[in-house]
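*Asks:* For reference, this is coords.cif, and it has mmCIF, C-alpha atoms.
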```cif
data_structure
loop_
_atom_site.label_atom_id
_atom_site.label_comp_id
_atom_site.auth_asym_id
_atom_site.auth_seq_id
_atom_site.Cartn_x
_atom_site.Cartn_y
_atom_site.Cartn_z
CA MET A 1481 53.33 8.27 77.51
CA GLU A 1482 53.55 10.65 80.46
CA ASP A 1483 56.89 9.13 81.48
CA LEU A 1484 58.19 9.79 77.98
CA GLN A 1485 57.18 13.46 78.07
CA GLU A 1486 58.81 14.01 81.46
CA SER A 1487 62.08 12.47 80.27
CA THR A 1488 62.11 14.67 77.13
CA LEU A 1489 61.46 17.80 79.22
CA LYS A 1490 64.35 16.93 81.51
CA LYS A 1491 66.64 16.44 78.50
CA VAL A 1492 65.57 19.81 77.08
CA GLU A 1493 66.28 21.53 80.41
CA VAL A 1494 69.69 19.86 80.63
CA THR A 1495 70.56 20.85 77.08
CA ASP A 1496 69.35 24.41 77.71
CA SER A 1497 71.40 24.69 80.86
CA THR A 1498 74.50 23.19 79.26
CA SER A 1499 74.15 25.39 76.14
CA SER A 1500 73.63 28.52 78.21
CA SER A 1501 76.56 27.69 80.47
CA SER A 1502 78.79 27.02 77.49
CA PHE A 1503 77.55 30.27 75.89
CA PHE A 1504 78.46 32.39 78.90
CA GLU A 1505 81.75 30.59 79.34
CA GLY A 1506 82.61 31.54 75.80
CA CYS A 1507 81.63 35.16 76.38
CA LYS A 1508 83.74 35.71 79.47
CA ASP A 1509 86.49 37.03 77.27
CA LEU A 1510 84.10 39.76 76.13
CA GLY A 1511 83.38 40.86 79.70
CA VAL A 1512 80.00 39.06 79.97
CA TYR A 1513 79.18 37.41 83.28
CA THR A 1514 76.13 35.87 84.86
CA LEU A 1515 73.77 38.07 86.72
CA GLU A 1516 74.12 36.10 89.94
CA ASN A 1517 77.85 36.81 90.31
CA THR A 1518 77.65 40.51 89.59
CA ARG A 1519 76.62 43.53 91.53
CA ILE A 1520 74.04 44.33 88.88
CA SER A 1521 71.93 41.39 90.04
CA LYS A 1522 71.05 43.22 93.24
CA GLN A 1523 70.31 46.38 91.33
CA SER A 1524 68.21 44.54 88.72
CA LYS A 1525 66.01 42.97 91.39
CA ARG A 1526 65.14 46.43 92.57
CA SER A 1527 64.47 47.68 89.06
CA ARG A 1528 60.92 48.67 88.33
CA TYR A 1529 61.23 47.02 84.90
CA LEU A 1530 61.64 43.50 86.35
CA TYR A 1531 58.99 41.19 87.72
CA PRO A 1532 59.71 38.16 89.85
CA ASP A 1533 58.13 35.71 87.38
CA THR A 1534 59.80 36.93 84.20
CA LYS A 1535 63.23 36.56 82.69
CA ILE A 1536 63.43 40.07 81.24
CA TRP A 1537 66.74 41.64 82.12
CA PRO A 1538 67.65 45.28 81.91
CA MET A 1539 69.73 46.60 79.04
CA GLY A 1540 73.41 46.07 79.61
CA TYR A 1541 72.85 42.91 81.66
CA GLY A 1542 76.04 41.08 82.47
CA LEU A 1543 78.40 43.71 81.07
CA ASN A 1544 81.30 44.96 83.15
CA THR A 1545 80.14 48.59 83.08
CA TYR A 1546 80.91 51.34 85.57
CA ALA A 1547 79.18 54.62 86.09
CA TYR A 1548 81.44 57.59 86.64
CA LYS A 1549 80.23 60.72 88.25
CA ARG A 1550 82.02 63.98 87.80
CA LYS A 1551 83.71 64.85 91.01
CA GLN A 1552 82.65 68.32 91.94
CA LYS A 1553 85.20 70.22 93.93
CA LYS A 1554 83.77 71.43 97.10
CA SER A 1555 84.15 75.13 97.38
CA GLN A 1556 86.62 75.92 100.06
CA MET A 1557 84.73 78.11 102.41
CA SER A 1558 87.11 80.48 104.12
CA ASN A 1559 86.49 81.20 107.74
CA ASP A 1560 88.92 84.14 107.73
CA ASP A 1561 87.04 87.31 108.56
CA PHE A 1562 89.92 89.39 107.20
CA ASP A 1563 88.93 88.50 103.62
CA THR A 1564 85.48 89.94 104.14
CA LEU A 1565 86.81 93.39 105.02
CA PRO A 1566 86.62 96.12 102.37
CA GLU A 1567 89.88 97.05 100.69
CA GLU A 1568 89.72 100.54 102.17
CA ILE A 1569 89.90 99.11 105.70
CA VAL A 1570 92.71 96.72 104.72
CA LEU A 1571 94.59 99.68 103.26
CA LYS A 1572 94.15 101.56 106.52
CA ILE A 1573 95.61 98.59 108.42
CA PHE A 1574 98.55 98.35 106.03
CA GLN A 1575 99.36 102.01 106.65
CA MET A 1576 100.33 101.10 110.23
CA MET A 1577 102.97 98.60 109.07
CA ASP A 1578 106.62 99.23 108.41
CA LYS A 1579 107.99 98.73 104.92
CA ARG A 1580 109.60 95.37 105.69
CA THR A 1581 106.31 93.89 106.91
CA LEU A 1582 104.50 95.47 103.98
CA LEU A 1583 106.76 93.67 101.52
CA LYS A 1584 106.04 90.36 103.25
CA CYS A 1585 102.31 90.98 102.95
CA ALA A 1586 102.74 91.38 99.20
CA PHE A 1587 103.57 87.65 98.91
CA VAL A 1588 100.39 86.42 100.64
CA CYS A 1589 97.91 86.68 97.75
CA GLN A 1590 97.11 88.78 94.73
CA LYS A 1591 94.68 90.95 96.67
CA TRP A 1592 97.23 91.80 99.33
CA ARG A 1593 99.88 92.40 96.68
CA ARG A 1594 97.67 94.92 94.92
CA ILE A 1595 96.87 96.71 98.16
CA SER A 1596 100.43 96.65 99.50
CA TYR A 1597 101.69 98.38 96.34
CA ASP A 1598 99.22 101.23 96.63
CA GLU A 1599 100.79 104.65 96.11
CA SER A 1600 99.54 105.98 99.42
CA LEU A 1601 101.65 103.40 101.28
CA TRP A 1602 104.83 104.46 99.53
CA GLN A 1603 104.65 108.23 99.93
CA CYS A 1604 107.57 108.28 102.35
CA LEU A 1605 110.54 105.90 102.39
CA ASN A 1606 113.55 106.25 104.67
CA ILE A 1607 116.26 103.57 104.23
CA PRO A 1608 119.59 104.93 105.54
CA SER A 1609 122.90 103.07 105.48
CA ARG A 1610 121.89 100.43 102.95
CA ARG A 1611 123.68 98.74 100.09
CA MET A 1612 121.57 98.31 96.99
CA SER A 1613 121.85 98.18 93.25
CA ILE A 1614 120.78 100.91 90.89
CA LEU A 1615 118.04 98.61 89.58
CA THR A 1616 116.60 98.24 93.09
CA LEU A 1617 116.70 102.00 93.59
CA GLU A 1618 114.88 102.56 90.31
CA ASN A 1619 112.19 100.02 91.23
CA LEU A 1620 111.64 101.74 94.56
CA LEU A 1621 111.36 105.22 93.07
CA ALA A 1622 109.05 103.89 90.35
CA ARG A 1623 106.34 103.40 93.01
CA ASN A 1624 105.67 107.13 92.86
CA ILE A 1625 107.45 107.89 96.12
CA LYS A 1626 107.17 111.49 97.29
CA TYR A 1627 109.70 111.52 100.16
CA PHE A 1628 112.85 109.43 99.73
CA SER A 1629 115.88 109.37 102.00
CA ALA A 1630 118.85 107.02 101.64
CA SER A 1631 121.62 108.83 103.45
CA HIS A 1632 124.97 107.05 103.96
CA SER A 1633 123.95 104.32 101.50
CA ASN A 1634 126.06 102.55 98.91
CA PHE A 1635 124.65 102.29 95.38
CA TYR A 1636 126.40 99.95 92.98
CA ILE A 1637 125.81 99.13 89.35
CA PHE A 1638 126.20 95.83 87.52
CA GLU A 1639 128.30 95.39 84.44
CA ASN A 1640 126.55 96.38 81.19
CA GLN A 1641 123.61 97.75 83.17
CA CYS A 1642 121.82 100.78 81.82
CA LEU A 1643 121.32 103.86 83.94
CA PHE A 1644 117.98 105.30 85.00
CA LYS A 1645 115.31 105.26 82.29
CA THR A 1646 112.16 105.76 84.35
CA GLN A 1647 111.02 109.29 85.14
CA PHE A 1648 110.02 110.20 88.68
CA PRO A 1649 107.56 113.09 88.33
CA LYS A 1650 106.08 112.68 91.83
CA LEU A 1651 109.39 112.71 93.69
CA GLN A 1652 109.62 116.01 95.58
CA TYR A 1653 111.93 115.39 98.55
CA LEU A 1654 115.23 113.62 97.93
CA ASP A 1655 117.96 113.09 100.52
CA LEU A 1656 121.19 111.49 99.28
CA SER A 1657 123.52 112.85 101.92
CA SER A 1658 126.88 111.09 102.14
CA VAL A 1659 125.94 108.37 99.69
CA PHE A 1660 128.51 106.42 97.70
CA ILE A 1661 127.44 106.80 94.08
CA HIS A 1662 129.25 107.50 90.86
CA VAL A 1663 128.87 111.00 89.49
CA ASN A 1664 127.48 109.71 86.17
CA THR A 1665 124.91 107.60 87.98
CA LEU A 1666 123.92 110.57 90.13
CA GLY A 1667 123.52 112.70 87.02
CA SER A 1668 121.32 110.04 85.43
CA LEU A 1669 119.14 109.98 88.55
CA LEU A 1670 118.81 113.77 88.68
CA SER A 1671 117.91 113.87 85.00
CA GLN A 1672 114.72 111.92 85.76
CA CYS A 1673 113.62 114.33 88.53
CA SER A 1674 111.82 117.50 87.47
CA ASN A 1675 109.58 118.46 90.40
CA LEU A 1676 111.96 118.46 93.34
CA ILE A 1677 111.23 120.84 96.22
CA LYS A 1678 113.97 119.79 98.65
CA LEU A 1679 117.27 118.21 97.64
CA SER A 1680 120.24 117.23 99.80
CA LEU A 1681 123.51 116.10 98.20
CA GLU A 1682 125.79 116.69 101.15
CA ASN A 1683 129.28 115.22 100.81
CA CYS A 1684 128.68 114.06 97.22
CA SER A 1685 130.70 114.45 94.05
CA LEU A 1686 129.10 116.68 91.42
CA ASP A 1687 129.84 117.97 87.96
CA SER A 1688 128.33 120.57 85.66
CA SER A 1689 125.79 118.09 84.23
CA CYS A 1690 124.47 117.31 87.71
CA CYS A 1691 124.05 121.02 88.41
CA GLN A 1692 122.33 121.41 85.06
CA TYR A 1693 119.74 118.78 85.96
CA ILE A 1694 119.28 120.44 89.36
CA GLY A 1695 118.60 123.73 87.63
CA LYS A 1696 115.68 122.18 85.73
CA ASN A 1697 113.75 121.80 88.98
CA THR A 1698 112.24 125.27 88.92
CA ASN A 1699 110.16 124.61 92.05
CA LEU A 1700 113.21 123.80 94.16
CA LYS A 1701 113.18 125.69 97.47
CA VAL A 1702 115.81 123.96 99.64
CA LEU A 1703 119.22 122.84 98.34
CA ASN A 1704 121.96 121.34 100.49
CA LEU A 1705 125.37 121.17 98.81
CA ALA A 1706 127.50 121.13 101.95
CA SER A 1707 130.95 119.53 101.63
CA THR A 1708 130.39 118.76 97.95
CA VAL A 1709 133.17 118.30 95.43
CA GLY A 1710 133.20 119.42 91.81
CA LEU A 1711 131.32 122.74 91.83
CA ASP A 1712 132.64 124.82 88.93
CA ARG A 1713 131.58 128.00 87.16
CA ASN A 1714 129.20 126.27 84.75
CA GLY A 1715 127.50 124.38 87.54
CA LEU A 1716 127.08 127.48 89.71
CA GLU A 1717 125.39 129.27 86.82
CA HIS A 1718 122.61 126.68 86.91
CA ILE A 1719 122.39 126.92 90.70
CA VAL A 1720 121.89 130.69 90.79
CA SER A 1721 119.22 130.38 88.08
CA LEU A 1722 116.83 128.85 90.63
CA GLN A 1723 114.81 131.96 91.36
CA ASN A 1724 112.41 130.17 93.74
CA LEU A 1725 115.22 128.89 95.95
CA GLU A 1726 114.80 130.00 99.57
CA GLU A 1727 117.48 128.00 101.40
CA LEU A 1728 121.01 127.19 100.23
CA ASN A 1729 123.83 125.46 102.06
CA VAL A 1730 127.30 125.44 100.47
CA SER A 1731 129.31 125.22 103.68
CA TRP A 1732 132.75 123.63 103.36
CA ALA A 1733 132.19 122.99 99.66
CA GLU A 1734 135.32 122.62 97.57
CA MET A 1735 135.44 125.39 94.97
CA GLU A 1736 137.98 127.81 93.68
CA ASP A 1737 138.16 131.38 94.94
CA GLU A 1738 136.85 132.78 91.67
CA ASN A 1739 133.84 130.50 91.78
CA LEU A 1740 133.14 131.50 95.40
CA HIS A 1741 133.21 135.20 94.51
CA TYR A 1742 130.94 134.53 91.52
CA LEU A 1743 128.43 132.71 93.73
CA ILE A 1744 128.30 135.54 96.27
CA ALA A 1745 128.04 138.23 93.60
CA ASN A 1746 125.18 136.45 91.78
CA MET A 1747 123.34 135.11 94.80
CA ILE A 1748 119.58 134.63 94.41
CA PRO A 1749 117.86 137.82 95.66
CA ASN A 1750 114.95 135.93 97.25
CA ILE A 1751 117.16 133.71 99.35
CA LYS A 1752 116.09 133.59 103.00
CA ARG A 1753 118.49 131.11 104.61
CA LEU A 1754 122.10 130.95 103.55
CA ASN A 1755 125.03 128.95 104.92
CA ILE A 1756 128.44 129.95 103.55
CA SER A 1757 130.53 128.82 106.51
CA GLY A 1758 133.87 127.06 106.37
CA PHE A 1759 135.62 129.09 103.67
CA LEU A 1760 138.25 130.35 106.14
CA LYS A 1761 140.24 133.23 104.61
CA ARG A 1762 138.69 132.99 101.14
CA LEU A 1763 135.49 134.82 102.15
CA ALA A 1764 136.39 138.51 102.34
CA ASP A 1765 134.65 141.62 103.65
CA PHE A 1766 133.70 142.85 100.19
CA ASP A 1767 131.92 139.53 99.54
CA LEU A 1768 129.82 139.91 102.66
CA SER A 1769 129.04 143.55 101.89
CA ARG A 1770 127.93 142.66 98.36
CA LEU A 1771 125.81 139.82 99.72
CA SER A 1772 124.03 142.00 102.30
CA SER A 1773 123.09 144.61 99.70
CA ARG A 1774 121.85 142.02 97.21
CA CYS A 1775 119.91 139.65 99.51
CA VAL A 1776 117.78 141.89 101.72
CA LYS A 1777 115.31 139.15 102.63
CA LEU A 1778 117.77 137.10 104.63
CA ILE A 1779 116.38 135.58 107.83
CA GLU A 1780 119.27 133.25 108.71
CA LEU A 1781 122.92 133.68 107.79
CA ASP A 1782 125.82 131.45 108.78
CA ILE A 1783 129.35 132.72 108.14
CA SER A 1784 131.13 130.61 110.76
CA ASP A 1785 134.82 129.76 110.31
CA SER A 1786 135.37 132.85 108.16
CA LEU A 1787 138.73 134.09 109.41
CA ALA A 1788 138.92 137.12 107.10
CA ILE A 1789 135.62 138.74 108.13
CA THR A 1790 135.96 141.90 110.23
CA ALA A 1791 133.54 144.00 112.23
CA SER A 1792 133.03 146.53 109.41
CA SER A 1793 131.30 144.07 107.11
CA LEU A 1794 129.34 142.73 110.04
CA ASP A 1795 127.99 146.22 110.77
CA LYS A 1796 126.82 146.58 107.20
CA VAL A 1797 124.98 143.25 107.37
CA LEU A 1798 123.14 144.36 110.49
CA GLU A 1799 122.24 147.73 108.98
CA THR A 1800 120.98 146.41 105.65
CA ASN A 1801 119.20 143.18 106.55
CA HIS A 1802 116.41 144.25 108.85
CA GLU A 1803 114.64 140.87 108.68
CA LEU A 1804 117.70 138.97 109.87
CA LYS A 1805 116.91 136.87 112.95
CA VAL A 1806 119.75 134.33 113.16
CA LEU A 1807 123.41 135.20 112.57
CA SER A 1808 126.08 132.55 113.18
CA ILE A 1809 129.65 133.86 113.44
CA ASN A 1810 131.38 131.03 115.28
CA ARG A 1811 135.18 131.13 115.15
CA CYS A 1812 135.30 134.47 113.33
CA TYR A 1813 138.36 135.58 115.25
CA ASN A 1814 138.89 138.93 113.46
CA ILE A 1815 135.73 140.36 115.04
CA ASP A 1816 136.72 141.91 118.35
CA GLN A 1817 134.86 141.11 121.53
CA PRO A 1818 133.53 144.64 122.31
CA ARG A 1819 131.84 144.77 118.90
CA LEU A 1820 130.24 141.41 119.58
CA LEU A 1821 128.88 142.63 122.90
CA LYS A 1822 127.47 145.72 121.20
#
```
Could you quickly redo this structure as structure tokens?

*Replies:*
Amino acid sequence: MEDLQESTLKKVEVTDSTSSSSFFEGCKDLGVYTLENTRISKQSKRSRYLYPDTKIWPMGYGLNTYAYKRKQKKSQMSNDDFDTLPEEIVLKIFQMMDKRTLLKCAFVCQKWRRISYDESLWQCLNIPSRRMSILTLENLLARNIKYFSASHSNFYIFENQCLFKTQFPKLQYLDLSSVFIHVNTLGSLLSQCSNLIKLSLENCSLDSSCCQYIGKNTNLKVLNLASTVGLDRNGLEHIVSLQNLEELNVSWAEMEDENLHYLIANMIPNIKRLNISGFLKRLADFDLSRLSSRCVKLIELDISDSLAITASSLDKVLETNHELKVLSINRCYNIDQPRLLK
């Protein structure tokens, strides 16, 4: 009887093992594996829900499951002490750089770009003998530049490109001496300037519209129109309307005799420094006499290369203008030497 029971138990165990093995073999397609061949078996042995004498398995036993953890990006800790400086100190450091280095700093990061474009860093800009487009010039002046000098530069314009549209209210000192620029482009630039104090257009081509825009700068004190071309009667009317003008240079400017006589006769009374040299025989004694009686505040006067000036008009200048300190009469050959010594 006992032998019969043992044989039946062995058969049951064999059938159980064969059925279970066939069951798991059929479930392999579903991703079910035995606990012994998986990594979960090691984890399940350490589980606090399992006991060594039981067959209770944790939930998800045998499944090909993976646990994903969100990868947290480690914050990149910067060891650069420059980033910890206040922006005021960085701005002070940027003030010691030239403009070329300052533009390179603008491409480092957004913080440096914001600081490098600060108005205080672009108060003064001197770029002589350059070739640039009108668009580049407008972008530069749009940074609220106060002092701008681009002497002997070449400004070109693209096809179908509009002229200046941005106003430059903070521009006060403009030097465009001997620049290559079209007269219409120059007029468009001057139309956007309304608070100029010093302006130099030496050796430039002008027209009446340019002079009209110059006349709108009521605070203008220094104007350099030496060797300019295109000064006519209408343009000179706007020039002499600048009542706050203290210094004027029209030496060697191309203008007709009538326009020269009109300029001398209607010269600004408050003018202090005047350069009317280079007119050769067109500047007469009566012009100089009229000038000395009208402009009594003259401190400096340059009438060099005036071949028609004689000693009589020179005496009247010295008698009338008591505040005169500098008088240039180079190559005035009609003034005799004894009078010069006197």

*Asks:* Pick out the residues sitting within 8 Å of A:Asn1675, and hand them over as a list in words; count all atoms listed in the file, and ignore anything fewer than 5 positions along from it in its own chain.

*Replies:*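 Here the qualifying residues turn out to be Pro1649, Lys1650, Leu1651, Gln1652, Asn1697, Thr1698, Asn1699 and Leu1700 of chain A.
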
*Asks:* For the atom pair atom CA of A:Gln1641 and atom CA of A:Ser1658, what is the interatomic distance in Å to one decimal place?

*Replies:* 23.4 Å

*Asks:* Let me know the centre plus edge lengths, in Å and rounded to one decimal, of a box with edges along x, y and z that contains all listed atoms of stretch 1689-1700 of chain A and is padded by 8 Å on every side, as AutoDock Vina command-line options.

*Replies:*
```
--center_x 118.0 --center_y 121.3 --center_z 89.2 --size_x 31.6 --size_y 24.0 --size_z 25.9
```

*Asks:* Find the residues near A:Leu1617: any atom within 10 Å, counting only C-alpha atoms, skip ones fewer than 6 places away on the same chain, and give them as a VMD selection string.

*Replies:* chain A and resid 1630 1635 to 1636 1644 1669

*Asks:* Select, from A:Met1577, A:Ser1707, A:Arg1753, A:Asn1606, the residue with the minimum atom-to-atom distance to A:Lys1626, counting only C-alpha atoms.

*Replies:*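 So, comparing all the options, the nearest one is A:Asn1606.
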
*Asks:* Could you check the closest approach to A:Ser1633 for each of A:Cys1812, A:Leu1768, A:Leu1794, A:Val1659 and tell me which residue wins, using all atoms listed in the file?

*Replies:*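 Counting all atoms listed in the file, the residue closest to A:Ser1633 is A:Val1659.
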
*Asks:* Between atom CA of A:Gln1575 and atom CA of A:Asp1561, what is the distance, to one decimal in Å?

*Replies:*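 Atom CA of A:Gln1575 sits 19.3 Å away from atom CA of A:Asp1561.
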
*Asks:* I'd like the residues picked by the PyMOL selection byres ((chain A and resi 1770-1773) around 7) written out as a list in words, using the chain letters and numbers from the file.

*Replies:*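 Matching residues under the PyMOL selection byres ((chain A and resi 1770-1773) around 7) are Ile1744, Ala1745, Phe1766, Asp1767, Leu1768, Ser1769, Arg1774, Cys1775, Val1776, Val1797, Thr1800 and Asn1801 of chain A.
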
*Asks:* If the PyMOL selection byres ((chain A and resi 1653) around 9) were run on this exact file, what residues would it hold? Put them as a VMD selection string.

*Replies:* chain A and resid 1626 to 1629 1651 to 1652 1654 to 1655 1676 to 1680

*Asks:* Once the PyMOL selection byres ((chain A and resi 1647) around 6) has been applied to the shown file, what residues remain in the selection, as a PyMOL selection string?

*Replies:* chain A and resi 1646+1648+1672

*Asks:* I'd like the contact shell of A:Gly1758 - 7 Å cut-off, all atoms listed in the file, skipping same-chain residues fewer than 5 positions apart - returned as a list in words.

*Replies:*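 The residues satisfying every condition are Ser1731, Trp1732, Ser1784, Asp1785 and Ser1786 of chain A.
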
*Asks:* Determine the nearest neighbour of A:Cys1690 from the options A:Gly1710, A:Pro1566, A:Pro1749, A:Pro1608, counting only C-alpha atoms.

*Replies:*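 Smallest separation from A:Cys1690 among the options: A:Gly1710.
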